[in-house]
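S.K.: Dropping in input37.cif, with mmCIF, C-alpha atoms.
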```
data_entry
loop_
_atom_site.label_atom_id
_atom_site.label_comp_id
_atom_site.auth_asym_id
_atom_site.auth_seq_id
_atom_site.Cartn_x
_atom_site.Cartn_y
_atom_site.Cartn_z
CA MET A 1 -64.77 -26.24 -10.38
CA SER A 2 -62.35 -28.19 -12.52
CA ALA A 3 -62.86 -31.79 -13.47
CA HIS A 4 -60.43 -33.40 -11.06
CA MET A 5 -61.94 -31.61 -8.08
CA LEU A 6 -65.14 -33.45 -8.72
CA LEU A 7 -63.39 -36.75 -9.22
CA ALA A 8 -63.54 -37.77 -5.58
CA GLU A 9 -67.30 -37.38 -5.57
CA SER A 10 -67.82 -39.08 -8.90
CA GLY A 11 -66.33 -42.43 -7.87
CA CYS A 12 -64.67 -42.76 -11.23
CA HIS A 13 -62.33 -45.74 -11.00
CA ILE A 14 -60.58 -47.91 -13.55
CA ASN A 15 -63.01 -50.79 -13.00
CA ALA A 16 -66.12 -48.62 -13.02
CA ASP A 17 -66.31 -48.40 -16.77
CA CYS A 18 -65.00 -44.85 -16.58
CA ALA A 19 -62.35 -43.33 -18.88
CA PHE A 20 -59.28 -41.82 -17.16
CA PRO A 21 -60.14 -38.20 -16.44
CA ALA A 22 -56.75 -36.90 -17.57
CA PRO A 23 -55.86 -33.41 -16.37
CA GLY A 24 -55.31 -30.84 -19.07
CA LEU A 25 -55.92 -27.21 -19.81
CA HIS A 26 -59.36 -27.55 -18.31
CA SER A 27 -57.64 -28.16 -14.95
CA PHE A 28 -56.60 -24.51 -15.03
CA ASN A 29 -59.96 -23.05 -15.94
CA PHE A 30 -62.42 -22.45 -13.16
CA GLU A 31 -66.10 -21.64 -13.08
CA PRO A 32 -66.62 -18.22 -11.49
CA ILE A 33 -67.36 -18.26 -7.78
CA PHE A 34 -69.63 -15.28 -8.36
CA SER A 35 -70.21 -12.77 -11.11
CA VAL A 36 -70.74 -9.05 -10.78
CA GLY A 37 -72.00 -7.67 -14.05
CA GLY A 38 -69.67 -9.10 -16.68
CA PHE A 39 -66.89 -9.66 -14.15
CA ASP A 40 -66.36 -13.29 -13.15
CA PHE A 41 -64.61 -13.75 -9.85
CA THR A 42 -62.73 -17.06 -10.06
CA LYS A 43 -60.71 -19.19 -7.66
CA PRO A 44 -57.27 -17.91 -8.87
CA MET A 45 -58.48 -14.36 -8.24
CA LEU A 46 -59.58 -15.33 -4.76
CA LEU A 47 -56.18 -16.95 -4.16
CA THR A 48 -54.43 -13.82 -5.42
CA VAL A 49 -56.39 -11.67 -3.01
CA ILE A 50 -55.62 -14.13 -0.19
CA CYS A 51 -51.94 -14.04 -1.13
CA MET A 52 -51.99 -10.26 -1.08
CA LEU A 53 -53.57 -10.31 2.38
CA ALA A 54 -51.13 -12.98 3.56
CA VAL A 55 -48.03 -11.04 2.46
CA ILE A 56 -49.32 -7.76 3.89
CA GLY A 57 -50.55 -9.49 7.04
CA PHE A 58 -47.26 -11.23 7.68
CA PHE A 59 -45.12 -8.15 7.15
CA ALA A 60 -47.51 -5.96 9.09
CA ALA A 61 -47.37 -8.35 12.03
CA ALA A 62 -43.59 -8.57 11.76
CA PHE A 63 -42.63 -4.97 10.97
CA ARG A 64 -45.47 -2.76 12.20
CA LYS A 65 -43.69 -1.92 15.43
CA PRO A 66 -40.11 -3.00 14.79
CA LYS A 67 -37.87 -3.27 17.82
CA LEU A 68 -34.10 -3.02 18.10
CA VAL A 69 -34.10 -6.42 19.77
CA PRO A 70 -36.43 -8.36 17.46
CA GLY A 71 -39.13 -10.77 18.49
CA LYS A 72 -39.48 -14.13 16.78
CA LEU A 73 -41.83 -12.95 14.05
CA GLN A 74 -39.79 -9.83 13.37
CA LEU A 75 -36.66 -11.96 13.18
CA VAL A 76 -38.25 -14.24 10.57
CA GLY A 77 -39.38 -11.16 8.61
CA GLU A 78 -35.91 -9.68 8.84
CA ILE A 79 -34.37 -12.87 7.50
CA GLY A 80 -36.74 -12.69 4.51
CA TYR A 81 -36.13 -8.99 4.01
CA ASN A 82 -32.36 -9.35 4.30
CA PHE A 83 -32.43 -12.25 1.87
CA VAL A 84 -33.89 -10.03 -0.84
CA ALA A 85 -32.08 -6.86 0.20
CA ARG A 86 -28.60 -8.33 0.58
CA SER A 87 -28.46 -11.58 -1.41
CA ILE A 88 -30.35 -10.18 -4.39
CA ALA A 89 -30.55 -6.39 -4.54
CA LEU A 90 -27.18 -5.37 -3.11
CA GLU A 91 -25.37 -8.38 -4.51
CA VAL A 92 -26.55 -7.79 -8.08
CA ILE A 93 -27.19 -4.06 -8.32
CA GLY A 94 -24.74 -2.80 -5.71
CA LYS A 95 -25.19 0.27 -3.54
CA LYS A 96 -27.74 1.82 -5.88
CA GLY A 97 -29.87 -1.29 -5.32
CA SER A 98 -31.27 -0.18 -1.95
CA LYS A 99 -33.79 2.01 -3.77
CA TYR A 100 -35.31 -1.04 -5.47
CA VAL A 101 -35.44 -3.30 -2.42
CA PRO A 102 -39.14 -2.64 -1.69
CA PHE A 103 -40.08 -3.43 -5.30
CA LEU A 104 -38.00 -6.61 -5.34
CA THR A 105 -39.17 -7.70 -1.90
CA SER A 106 -42.80 -7.24 -2.93
CA ILE A 107 -42.22 -9.25 -6.10
CA PHE A 108 -40.38 -12.04 -4.32
CA PHE A 109 -42.86 -12.62 -1.51
CA PHE A 110 -45.94 -12.09 -3.66
CA VAL A 111 -44.71 -14.58 -6.26
CA TRP A 112 -43.49 -17.04 -3.66
CA ILE A 113 -46.74 -17.16 -1.70
CA MET A 114 -48.74 -17.45 -4.95
CA ASN A 115 -46.55 -20.39 -5.91
CA VAL A 116 -46.87 -21.94 -2.48
CA MET A 117 -50.67 -21.98 -2.84
CA SER A 118 -50.02 -25.00 -5.09
CA ILE A 119 -49.52 -27.26 -2.08
CA ILE A 120 -51.71 -25.57 0.53
CA PRO A 121 -54.66 -27.89 1.22
CA VAL A 122 -58.01 -26.66 -0.15
CA ALA A 123 -56.26 -23.95 -2.20
CA GLN A 124 -54.05 -26.44 -4.07
CA PHE A 125 -53.58 -24.17 -7.05
CA PRO A 126 -50.70 -21.85 -7.85
CA ALA A 127 -52.16 -18.55 -9.01
CA THR A 128 -48.99 -18.04 -11.05
CA SER A 129 -50.02 -20.94 -13.30
CA ARG A 130 -52.58 -18.55 -14.73
CA PHE A 131 -50.52 -16.64 -17.30
CA ALA A 132 -52.06 -13.25 -16.45
CA TYR A 133 -50.28 -12.97 -13.04
CA PRO A 134 -46.72 -13.57 -14.29
CA VAL A 135 -47.54 -11.23 -17.20
CA VAL A 136 -48.52 -8.42 -14.84
CA LEU A 137 -45.34 -8.79 -12.80
CA ALA A 138 -43.08 -9.23 -15.84
CA ALA A 139 -44.69 -6.17 -17.43
CA LEU A 140 -43.96 -4.10 -14.32
CA VAL A 141 -40.36 -5.30 -14.32
CA TYR A 142 -40.12 -4.52 -18.05
CA ILE A 143 -41.54 -1.03 -17.61
CA THR A 144 -39.10 -0.40 -14.76
CA TYR A 145 -36.25 -1.73 -16.91
CA MET A 146 -37.09 0.49 -19.87
CA PHE A 147 -37.82 3.53 -17.70
CA LEU A 148 -34.50 3.23 -15.87
CA THR A 149 -32.57 2.60 -19.08
CA PHE A 150 -33.79 5.79 -20.72
CA LYS A 151 -33.74 7.80 -17.51
CA THR A 152 -30.12 6.88 -16.82
CA HIS A 153 -28.70 7.17 -20.32
CA GLY A 154 -31.07 9.48 -22.17
CA PHE A 155 -32.75 8.39 -25.40
CA LYS A 156 -29.62 7.84 -27.49
CA GLY A 157 -27.60 6.30 -24.69
CA GLY A 158 -30.57 4.19 -23.69
CA VAL A 159 -30.96 2.74 -27.16
CA LYS A 160 -27.21 2.13 -27.27
CA ASN A 161 -27.36 0.45 -23.86
CA LEU A 162 -30.08 -1.87 -25.12
CA VAL A 163 -28.60 -2.94 -28.46
CA TRP A 164 -24.93 -1.96 -28.62
CA LEU A 165 -21.80 -3.90 -27.66
CA ASP A 166 -18.43 -2.19 -27.80
CA GLY A 167 -15.45 -3.64 -29.67
CA LEU A 168 -17.30 -5.66 -32.28
CA PRO A 169 -15.83 -6.35 -35.71
CA LYS A 170 -17.70 -4.23 -38.23
CA PRO A 171 -19.35 -7.02 -40.25
CA LEU A 172 -20.93 -8.42 -37.11
CA ILE A 173 -22.53 -5.16 -35.96
CA PRO A 174 -25.88 -5.44 -37.76
CA LEU A 175 -26.34 -9.04 -36.66
CA ILE A 176 -25.43 -8.39 -33.02
CA VAL A 177 -27.54 -5.25 -32.85
CA LEU A 178 -30.49 -7.20 -34.18
CA LEU A 179 -29.89 -10.07 -31.74
CA GLU A 180 -29.39 -7.75 -28.78
CA PHE A 181 -32.54 -5.87 -29.66
CA PHE A 182 -34.48 -9.09 -29.96
CA SER A 183 -33.03 -10.51 -26.74
CA ASN A 184 -33.23 -7.43 -24.54
CA VAL A 185 -36.29 -5.65 -25.80
CA ILE A 186 -38.64 -8.34 -27.06
CA LEU A 187 -37.74 -11.65 -25.45
CA ARG A 188 -36.85 -10.54 -21.93
CA PRO A 189 -40.35 -9.75 -20.66
CA PHE A 190 -41.77 -12.75 -22.48
CA THR A 191 -39.24 -15.26 -21.09
CA LEU A 192 -39.53 -13.73 -17.63
CA ALA A 193 -43.27 -14.32 -17.58
CA VAL A 194 -43.23 -17.68 -19.36
CA ARG A 195 -40.48 -19.16 -17.19
CA LEU A 196 -42.49 -18.63 -14.03
CA TRP A 197 -45.80 -19.57 -15.57
CA ALA A 198 -44.54 -22.73 -17.28
CA ASN A 199 -42.80 -24.03 -14.17
CA MET A 200 -45.88 -23.59 -12.02
CA PHE A 201 -48.16 -24.85 -14.77
CA ALA A 202 -46.12 -28.02 -15.26
CA GLY A 203 -45.69 -28.57 -11.54
CA HIS A 204 -49.38 -28.31 -10.90
CA MET A 205 -50.09 -30.57 -13.86
CA LEU A 206 -47.77 -33.26 -12.50
CA ILE A 207 -49.24 -33.18 -9.00
CA VAL A 208 -52.78 -33.32 -10.40
CA MET A 209 -51.77 -36.08 -12.79
CA PHE A 210 -50.44 -38.38 -10.08
CA SER A 211 -53.17 -37.51 -7.60
CA VAL A 212 -55.91 -38.26 -10.13
CA ALA A 213 -54.16 -41.45 -11.21
CA THR A 214 -53.88 -42.56 -7.58
CA TRP A 215 -57.59 -42.12 -7.07
CA TYR A 216 -58.48 -43.63 -10.45
CA LEU A 217 -56.35 -46.73 -9.89
CA LEU A 218 -57.40 -47.26 -6.28
CA THR A 219 -59.60 -50.34 -6.75
CA PRO A 220 -59.75 -53.72 -4.98
CA SER A 221 -57.36 -55.22 -7.50
CA ILE A 222 -53.67 -55.41 -8.41
CA MET A 223 -54.01 -51.85 -9.66
CA SER A 224 -53.86 -50.66 -6.04
CA ALA A 225 -50.10 -51.32 -6.09
CA VAL A 226 -49.77 -49.01 -9.07
CA ALA A 227 -51.98 -46.54 -7.25
CA GLY A 228 -49.51 -46.70 -4.33
CA GLY A 229 -46.63 -45.94 -6.69
CA SER A 230 -48.58 -43.07 -8.15
CA PHE A 231 -49.30 -41.76 -4.66
CA LEU A 232 -45.60 -41.85 -3.78
CA LEU A 233 -44.83 -39.95 -6.97
CA ALA A 234 -47.48 -37.37 -6.10
CA LEU A 235 -45.78 -36.94 -2.71
CA ALA A 236 -42.35 -36.69 -4.35
CA MET A 237 -43.66 -34.13 -6.84
CA THR A 238 -45.16 -32.11 -4.00
CA THR A 239 -41.81 -32.07 -2.23
CA LEU A 240 -40.06 -31.07 -5.44
CA GLU A 241 -42.64 -28.35 -5.97
CA VAL A 242 -41.75 -26.81 -2.59
CA LEU A 243 -38.24 -26.31 -3.89
CA ILE A 244 -39.35 -25.10 -7.32
CA GLN A 245 -41.82 -22.62 -5.87
CA PHE A 246 -39.06 -20.95 -3.93
CA LEU A 247 -36.58 -21.24 -6.78
CA GLN A 248 -38.89 -19.65 -9.34
CA ALA A 249 -39.72 -16.75 -7.05
CA TYR A 250 -35.99 -16.31 -6.46
CA ILE A 251 -35.13 -16.50 -10.17
CA PHE A 252 -37.88 -14.05 -11.08
CA THR A 253 -36.62 -11.55 -8.50
CA LEU A 254 -32.99 -12.16 -9.43
CA LEU A 255 -33.68 -11.54 -13.12
CA ALA A 256 -35.64 -8.41 -12.27
CA SER A 257 -32.64 -7.09 -10.36
CA ILE A 258 -30.26 -8.10 -13.15
CA TYR A 259 -32.38 -6.10 -15.62
CA ILE A 260 -32.38 -3.11 -13.27
CA GLN A 261 -28.62 -3.43 -12.88
CA GLY A 262 -28.24 -3.54 -16.67
CA ALA A 263 -30.32 -0.41 -16.99
CA LEU A 264 -28.27 1.44 -14.39
CA GLU A 265 -24.78 0.39 -15.47
CA GLU A 266 -22.46 2.74 -17.30
CA GLY A 267 -21.80 1.61 -20.86
CA HIS A 268 -21.89 -1.99 -21.93
CA MET B 1 -46.45 -14.87 -32.59
CA MET B 2 -49.57 -12.85 -31.90
CA ALA B 3 -51.31 -14.55 -34.84
CA PHE B 4 -50.35 -17.92 -33.42
CA LEU B 5 -51.67 -16.96 -30.02
CA ALA B 6 -54.89 -15.67 -31.49
CA ALA B 7 -55.38 -18.78 -33.57
CA GLU B 8 -55.35 -20.99 -30.48
CA GLY B 9 -58.36 -19.13 -29.17
CA ALA B 10 -59.73 -19.25 -25.65
CA GLU B 11 -58.06 -22.55 -24.89
CA ASN B 12 -54.57 -21.09 -25.27
CA PRO B 13 -53.11 -20.70 -21.78
CA LEU B 14 -50.65 -18.09 -23.09
CA ILE B 15 -53.40 -15.54 -23.57
CA PRO B 16 -53.78 -13.70 -20.29
CA ALA B 17 -57.35 -13.04 -19.21
CA THR B 18 -58.04 -9.35 -18.82
CA PRO B 19 -59.91 -9.60 -15.49
CA GLU B 20 -57.01 -11.52 -14.03
CA LEU B 21 -54.56 -8.92 -15.31
CA ILE B 22 -56.54 -6.27 -13.49
CA VAL B 23 -56.84 -8.29 -10.27
CA GLY B 24 -53.15 -9.19 -10.37
CA LEU B 25 -52.12 -5.59 -10.99
CA ILE B 26 -54.29 -4.23 -8.18
CA CYS B 27 -53.18 -6.91 -5.73
CA PHE B 28 -49.51 -6.37 -6.50
CA PHE B 29 -49.83 -2.62 -6.21
CA ILE B 30 -51.51 -2.97 -2.83
CA VAL B 31 -48.70 -5.26 -1.66
CA PHE B 32 -46.05 -2.94 -3.09
CA GLY B 33 -47.77 0.13 -1.65
CA VAL B 34 -48.12 -1.18 1.88
CA LEU B 35 -44.69 -2.82 1.97
CA GLY B 36 -42.83 -0.10 0.10
CA LYS B 37 -44.39 2.92 1.77
CA LYS B 38 -44.70 1.77 5.33
CA LEU B 39 -43.44 -1.61 6.44
CA LEU B 40 -40.09 -1.95 4.67
CA PRO B 41 -38.89 1.60 5.43
CA ASN B 42 -39.89 0.79 9.02
CA ILE B 43 -37.68 -2.24 9.24
CA GLN B 44 -34.89 -0.61 7.25
CA LYS B 45 -34.83 2.19 9.81
CA THR B 46 -34.77 -0.32 12.64
CA LEU B 47 -31.96 -2.28 11.02
CA GLU B 48 -29.96 0.90 10.59
CA GLU B 49 -30.63 1.90 14.18
CA ARG B 50 -29.50 -1.52 15.35
CA HIS B 51 -26.42 -1.25 13.18
CA ASP B 52 -25.77 2.18 14.71
CA ALA B 53 -26.31 0.84 18.20
CA ILE B 54 -23.83 -1.97 17.69
CA GLU B 55 -21.35 0.10 15.71
CA GLY B 56 -21.85 3.02 18.10
CA GLY B 57 -21.08 0.79 21.07
CA LEU B 58 -17.95 -0.46 19.39
CA GLU B 59 -16.98 3.06 18.44
CA ARG B 60 -17.49 4.27 21.99
CA ALA B 61 -15.37 1.42 23.31
CA ALA B 62 -12.66 2.23 20.79
CA GLU B 63 -12.83 5.89 21.78
CA ALA B 64 -12.46 5.03 25.47
CA GLN B 65 -9.56 2.75 24.61
CA ALA B 66 -7.87 5.49 22.61
CA GLU B 67 -8.41 7.97 25.43
CA ALA B 68 -6.98 5.55 27.98
CA THR B 69 -3.97 4.94 25.77
CA GLN B 70 -3.49 8.66 25.34
CA ILE B 71 -3.66 9.29 29.08
CA LEU B 72 -1.24 6.44 29.70
CA GLU B 73 1.14 7.97 27.16
CA GLN B 74 0.75 11.32 28.86
CA TYR B 75 1.51 9.81 32.25
CA ARG B 76 4.50 8.00 30.87
CA ALA B 77 5.75 11.20 29.28
CA GLN B 78 5.25 13.07 32.54
CA LEU B 79 6.99 10.33 34.48
CA ALA B 80 9.91 10.37 32.07
CA GLU B 81 10.06 14.13 32.30
CA ALA B 82 10.01 13.97 36.09
CA ARG B 83 12.80 11.41 36.06
CA HIS B 84 14.75 13.55 33.69
CA GLU B 85 14.18 16.57 35.89
CA ALA B 86 15.25 14.65 38.97
CA ALA B 87 18.40 13.51 37.21
CA ARG B 88 19.06 17.02 36.08
CA LEU B 89 18.59 18.36 39.62
CA ARG B 90 20.83 15.66 41.03
CA GLN B 91 23.44 16.50 38.47
CA GLU B 92 23.14 20.15 39.27
CA ALA B 93 23.33 19.48 42.99
CA THR B 94 26.41 17.31 42.46
CA GLU B 95 28.01 20.04 40.41
CA GLN B 96 27.05 22.70 42.91
CA GLY B 97 28.36 20.52 45.73
CA ALA B 98 31.62 20.02 43.91
CA THR B 99 31.89 23.75 43.31
CA ILE B 100 31.12 24.50 46.93
CA ILE B 101 33.67 21.94 48.12
CA GLN B 102 36.16 23.46 45.70
CA GLU B 103 35.42 26.93 46.97
CA MET B 104 35.54 25.84 50.58
CA ARG B 105 38.81 24.11 49.95
CA ALA B 106 40.23 27.19 48.30
CA GLU B 107 38.91 29.31 51.12
CA GLY B 108 40.36 26.96 53.71
CA GLN B 109 43.67 27.01 51.90
CA ARG B 110 43.62 30.77 51.84
CA GLN B 111 42.69 31.02 55.51
CA ARG B 112 45.34 28.48 56.42
CA GLU B 113 47.94 30.44 54.53
CA GLU B 114 46.73 33.63 56.13
CA ILE B 115 46.91 32.05 59.56
CA ILE B 116 50.31 30.64 58.83
CA ALA B 117 51.46 33.97 57.47
CA ALA B 118 50.06 35.72 60.51
CA GLY B 119 51.81 33.15 62.71
CA HIS B 120 55.07 33.66 60.91
CA ALA B 121 54.75 37.42 61.25
CA GLN B 122 53.91 37.04 64.90
CA ILE B 123 56.82 34.71 65.47
CA GLU B 124 59.08 37.03 63.59
CA ALA B 125 57.84 39.98 65.62
CA ASP B 126 58.21 37.98 68.82
CA ARG B 127 61.62 36.86 67.80
CA LYS B 128 62.64 40.41 67.05
CA ALA B 129 61.24 41.60 70.33
CA VAL B 130 63.01 38.76 72.11
CA VAL B 131 66.22 39.47 70.26
CA THR B 132 65.93 43.13 71.12
CA ALA B 133 65.12 42.34 74.74
CA LEU B 134 67.90 39.75 74.89
CA ARG B 135 70.32 42.11 73.33
CA GLN B 136 69.46 44.74 75.92
CA ASP B 137 69.52 42.23 78.73
CA VAL B 138 72.81 40.70 77.52
CA GLY B 139 74.32 44.16 77.08
CA LYS B 140 73.09 45.18 80.49
CA LEU B 141 74.33 41.96 82.13
CA ALA B 142 77.64 42.18 80.32
CA THR B 143 78.07 45.80 81.34
CA GLU B 144 77.14 45.00 84.92
CA LEU B 145 79.51 42.04 84.99
CA ALA B 146 82.24 44.10 83.40
CA GLY B 147 81.45 46.92 85.83
CA LYS B 148 81.77 44.51 88.79
CA LEU B 149 85.06 43.29 87.36
CA VAL B 150 86.32 46.77 86.65
CA GLY B 151 84.86 48.10 89.85
CA GLU B 152 82.98 51.04 88.44
CA SER B 153 79.88 51.55 86.46
CA LEU B 154 80.47 51.37 82.82
CA GLU B 155 76.82 51.84 82.03
CA ASP B 156 76.93 55.37 80.77
CA HIS B 157 80.08 54.74 78.83
CA ALA B 158 78.74 51.64 77.28
CA ARG B 159 75.48 53.40 76.40
CA GLN B 160 77.40 56.19 74.78
CA SER B 161 79.95 54.12 72.95
CA ARG B 162 77.52 51.37 71.92
CA THR B 163 80.33 48.88 72.45
CA VAL B 164 78.01 46.05 73.33
CA ASP B 165 75.90 46.62 70.28
CA ARG B 166 78.85 46.58 67.98
CA PHE B 167 80.11 43.36 69.60
CA LEU B 168 76.72 41.72 69.26
CA ASP B 169 76.38 42.84 65.64
CA GLY B 170 79.80 41.37 64.95
CA LEU B 171 78.72 38.18 66.59
CA GLU B 172 75.57 38.00 64.49
CA GLU B 173 77.48 38.62 61.35
CA THR B 174 79.85 35.79 62.16
CA ALA B 175 76.89 33.52 62.85
CA ALA B 176 75.26 34.54 59.56
CA LYS B 177 78.48 33.83 57.73
CA ALA B 178 78.78 30.45 59.43
CA GLU B 179 75.19 29.70 58.39
CA ALA B 180 75.82 30.77 54.82
CA ARG B 181 78.82 28.51 54.63
CA PRO B 182 77.59 25.08 55.65
#
```
Output the file's structure in the form of structure tokens.
M.R.:
Amino acid sequence: MSAHMLLAESGCHINADCAFPAPGLHSFNFEPIFSVGGFDFTKPMLLTVICMLAVIGFFAAAFRKPKLVPGKLQLVGEIGYNFVARSIALEVIGKKGSKYVPFLTSIFFFVWIMNVMSIIPVAQFPATSRFAYPVVLAALVYITYMFLTFKTHGFKGGVKNLVWLDGLPKPLIPLIVLLEFFSNVILRPFTLAVRLWANMFAGHMLIVMFSVATWYLLTPSIMSAVAGGSFLLALAMTTLEVLIQFLQAYIFTLLASIYIQGALEEGH
Amino acid sequence: MMAFLAAEGAENPLIPATPELIVGLICFFIVFGVLGKKLLPNIQKTLEERHDAIEGGLERAAEAQAEATQILEQYRAQLAEARHEAARLRQEATEQGATIIQEMRAEGQRQREEIIAAGHAQIEADRKAVVTALRQDVGKLATELAGKLVGESLEDHARQSRTVDRFLDGLEETAAKAEARP
């Protein structure tokens, strides 16, 4: 377990001759819960599996036997489904978008619930703040993007779709082609993954920071007032995180659909 | 970039751990598989069915409305036609009536004239008969009176000489002349 998890038991306070156990990269590294052979099963993995079960469980409960007149759970599921299907897929991609709704819905809810784990008691860790999970999802989006680009336009058209802009003055062509190539082919998957990861990483860091500080400063002295301020900030950060968790899942899904739309569109 | 990442070593949070990549991939594929193959097509079908049910209901209502309108139009057309027909019949009847009255009037006129003509002929015939009878009676009376005055029967003589007739003809002629000269 990470350092701050043990803080409560350690009784490390500002007056106890104990240095501030600042959160850092070590807050994101966990000892394996168990190891099978060389494979270490860690807490983020457990959370990922739980998230998988939660998403499947929710949608199975909501949509297993869908009715024309929906029950409460089905209605909630439909709202979620329609949010992705209409506000993201159809809005961005258009009519052709209905084919990608399952992919986008899976991404949105999987990412969102992994983000939400940040503020669920006991879990209190967003799996997406481990870089591997955003990388997996961004890689899948990238593969879909590339596959659709070349499938729709053929090899030559696909390359043109990725790097070419019509109506450029001749001297600018090499520069723009280079920039477009860099932006579309190299940076897109990287920024997609990093954006999600960095937001969740920073959010978790802030919550841990203020929580640890609250505990560290909580002594029978004037420092308790500061501890109170720190506690309020931890609460505020938690509230902010609720918004950011949703927002990042939304942005990730939105960008995925924008890439798919770019791959499907005719010409640039 | 890769060199930079590698240089940071195990502490670098931007190097994804392979086991986590595998777990993440498997978990996402399970989510995608279950949602994409079974649950989302399920709900999509239900949403479409609901859409159909609502749209279908509206469509049926619109159809019924259209049918009602059509039948109303039909009734109105029939009513107008019937009115037209009635007017036409009335017109025809009026015309026929007028014709019949005309014919009857003509017929009446004809019959009246016939009757009048017949009357005139009858009167004329009667008059002639009367004139003839009178003439004979007058002749006879005159002859008898003359015979009484003369003292002998002049009947045979008068019949043979037609004296009375000539006298009466002369009298008639005078009367006709007097009439012609008013």
S.K.: Within 9 Å of chain B, which residues of chain A come that close, and what is the closest atom pair and distance in Å for each? Count only C-alpha atoms and give it as a Markdown table.
M.R.:
```
| residue | atom | partner | partner_atom | distance |
| --- | --- | --- | --- | --- |
| A:Leu25 | CA | B:Glu11 | CA | 7.2 |
| A:His26 | CA | B:Glu11 | CA | 8.4 |
| A:Phe28 | CA | B:Pro13 | CA | 8.5 |
| A:Phe39 | CA | B:Pro19 | CA | 7.1 |
| A:Asp40 | CA | B:Pro19 | CA | 7.8 |
| A:Phe41 | CA | B:Pro19 | CA | 8.4 |
| A:Thr42 | CA | B:Glu20 | CA | 8.9 |
| A:Pro44 | CA | B:Glu20 | CA | 8.2 |
| A:Met45 | CA | B:Val23 | CA | 6.6 |
| A:Thr48 | CA | B:Gly24 | CA | 6.9 |
| A:Val49 | CA | B:Cys27 | CA | 6.4 |
| A:Cys51 | CA | B:Cys27 | CA | 8.6 |
| A:Met52 | CA | B:Cys27 | CA | 5.9 |
| A:Leu53 | CA | B:Val31 | CA | 8.1 |
| A:Val55 | CA | B:Val31 | CA | 7.1 |
| A:Ile56 | CA | B:Val31 | CA | 6.1 |
| A:Phe59 | CA | B:Leu39 | CA | 6.8 |
| A:Ala60 | CA | B:Leu39 | CA | 6.5 |
| A:Ala62 | CA | B:Leu39 | CA | 8.8 |
| A:Phe63 | CA | B:Leu39 | CA | 5.7 |
| A:Arg64 | CA | B:Leu39 | CA | 6.2 |
| A:Lys65 | CA | B:Asn42 | CA | 7.9 |
| A:Pro66 | CA | B:Ile43 | CA | 6.1 |
| A:Lys67 | CA | B:Thr46 | CA | 6.7 |
| A:Leu68 | CA | B:Arg50 | CA | 5.6 |
| A:Val69 | CA | B:Arg50 | CA | 8.0 |
| A:Gln74 | CA | B:Ile43 | CA | 8.9 |
| A:Glu78 | CA | B:Ile43 | CA | 7.7 |
| A:Tyr81 | CA | B:Leu40 | CA | 8.1 |
| A:Val101 | CA | B:Gly36 | CA | 8.4 |
| A:Pro102 | CA | B:Gly36 | CA | 4.8 |
| A:Phe103 | CA | B:Phe32 | CA | 6.4 |
| A:Thr105 | CA | B:Leu35 | CA | 8.3 |
| A:Ser106 | CA | B:Phe32 | CA | 5.4 |
| A:Ile107 | CA | B:Phe28 | CA | 7.8 |
| A:Phe110 | CA | B:Phe28 | CA | 7.3 |
| A:Arg130 | CA | B:Pro13 | CA | 7.4 |
| A:Phe131 | CA | B:Pro16 | CA | 5.3 |
| A:Ala132 | CA | B:Pro16 | CA | 4.2 |
| A:Tyr133 | CA | B:Gly24 | CA | 5.4 |
| A:Pro134 | CA | B:Gly24 | CA | 8.7 |
| A:Val135 | CA | B:Pro16 | CA | 7.4 |
| A:Val136 | CA | B:Leu25 | CA | 6.0 |
| A:Leu137 | CA | B:Leu25 | CA | 7.7 |
| A:Leu140 | CA | B:Leu25 | CA | 8.9 |
| A:Val194 | CA | B:Leu14 | CA | 8.3 |
```
S.K.: Could you tell me which residues the PyMOL selection byres ((chain A and resi 154-169) around 9) returns for this structure, as a list in words?
M.R.: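 Here the PyMOL selection byres ((chain A and resi 154-169) around 9) matches Met146, Leu148, Thr149, Phe150, Lys151, Thr152, His153, Lys170, Pro171, Leu172, Ile173, Ile176, Val177, Leu178, Leu179, Glu180, Phe181, Phe182, Ser183, Asn184, Val185, Gly262, Ala263, Glu265, Glu266, Gly267 and His268 of chain A.
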S.K.: Tell me, in Å to one decimal, how far CA of Leu104 in chain A is from CA of Trp197 in chain A.
M.R.: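 Taking CA of Leu104 in chain A as the start and CA of Trp197 in chain A as the end point, the length is 18.3 Å.
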S.K.: Would you mind listing what lies within 8 Å of Phe20 in chain A as a compact mmCIF listing (two decimals) with C-alpha atoms, in the frame of the given file, with all atoms listed in the file counted and same-chain residues fewer than 5 positions away left out?
M.R.:
```txt
# COMPACT_ATOMS: atom_id res chain seq x y z
CA HIS A 13 -62.33 -45.74 -11.00
CA ILE A 14 -60.58 -47.91 -13.55
CA ALA A 213 -54.16 -41.45 -11.21
CA TYR A 216 -58.48 -43.63 -10.45
```
S.K.: Find the smallest box with edges along x, y and z containing every listed atom of range 143-158 of chain A, then add 4 Å on each side and report centre and edge lengths in Å to one decimal, as lines of an AutoDock Vina configuration file.
M.R.:
```
center_x = -34.6
center_y = 3.9
center_z = -21.1
size_x = 21.9
size_y = 19.2
size_z = 20.7
```
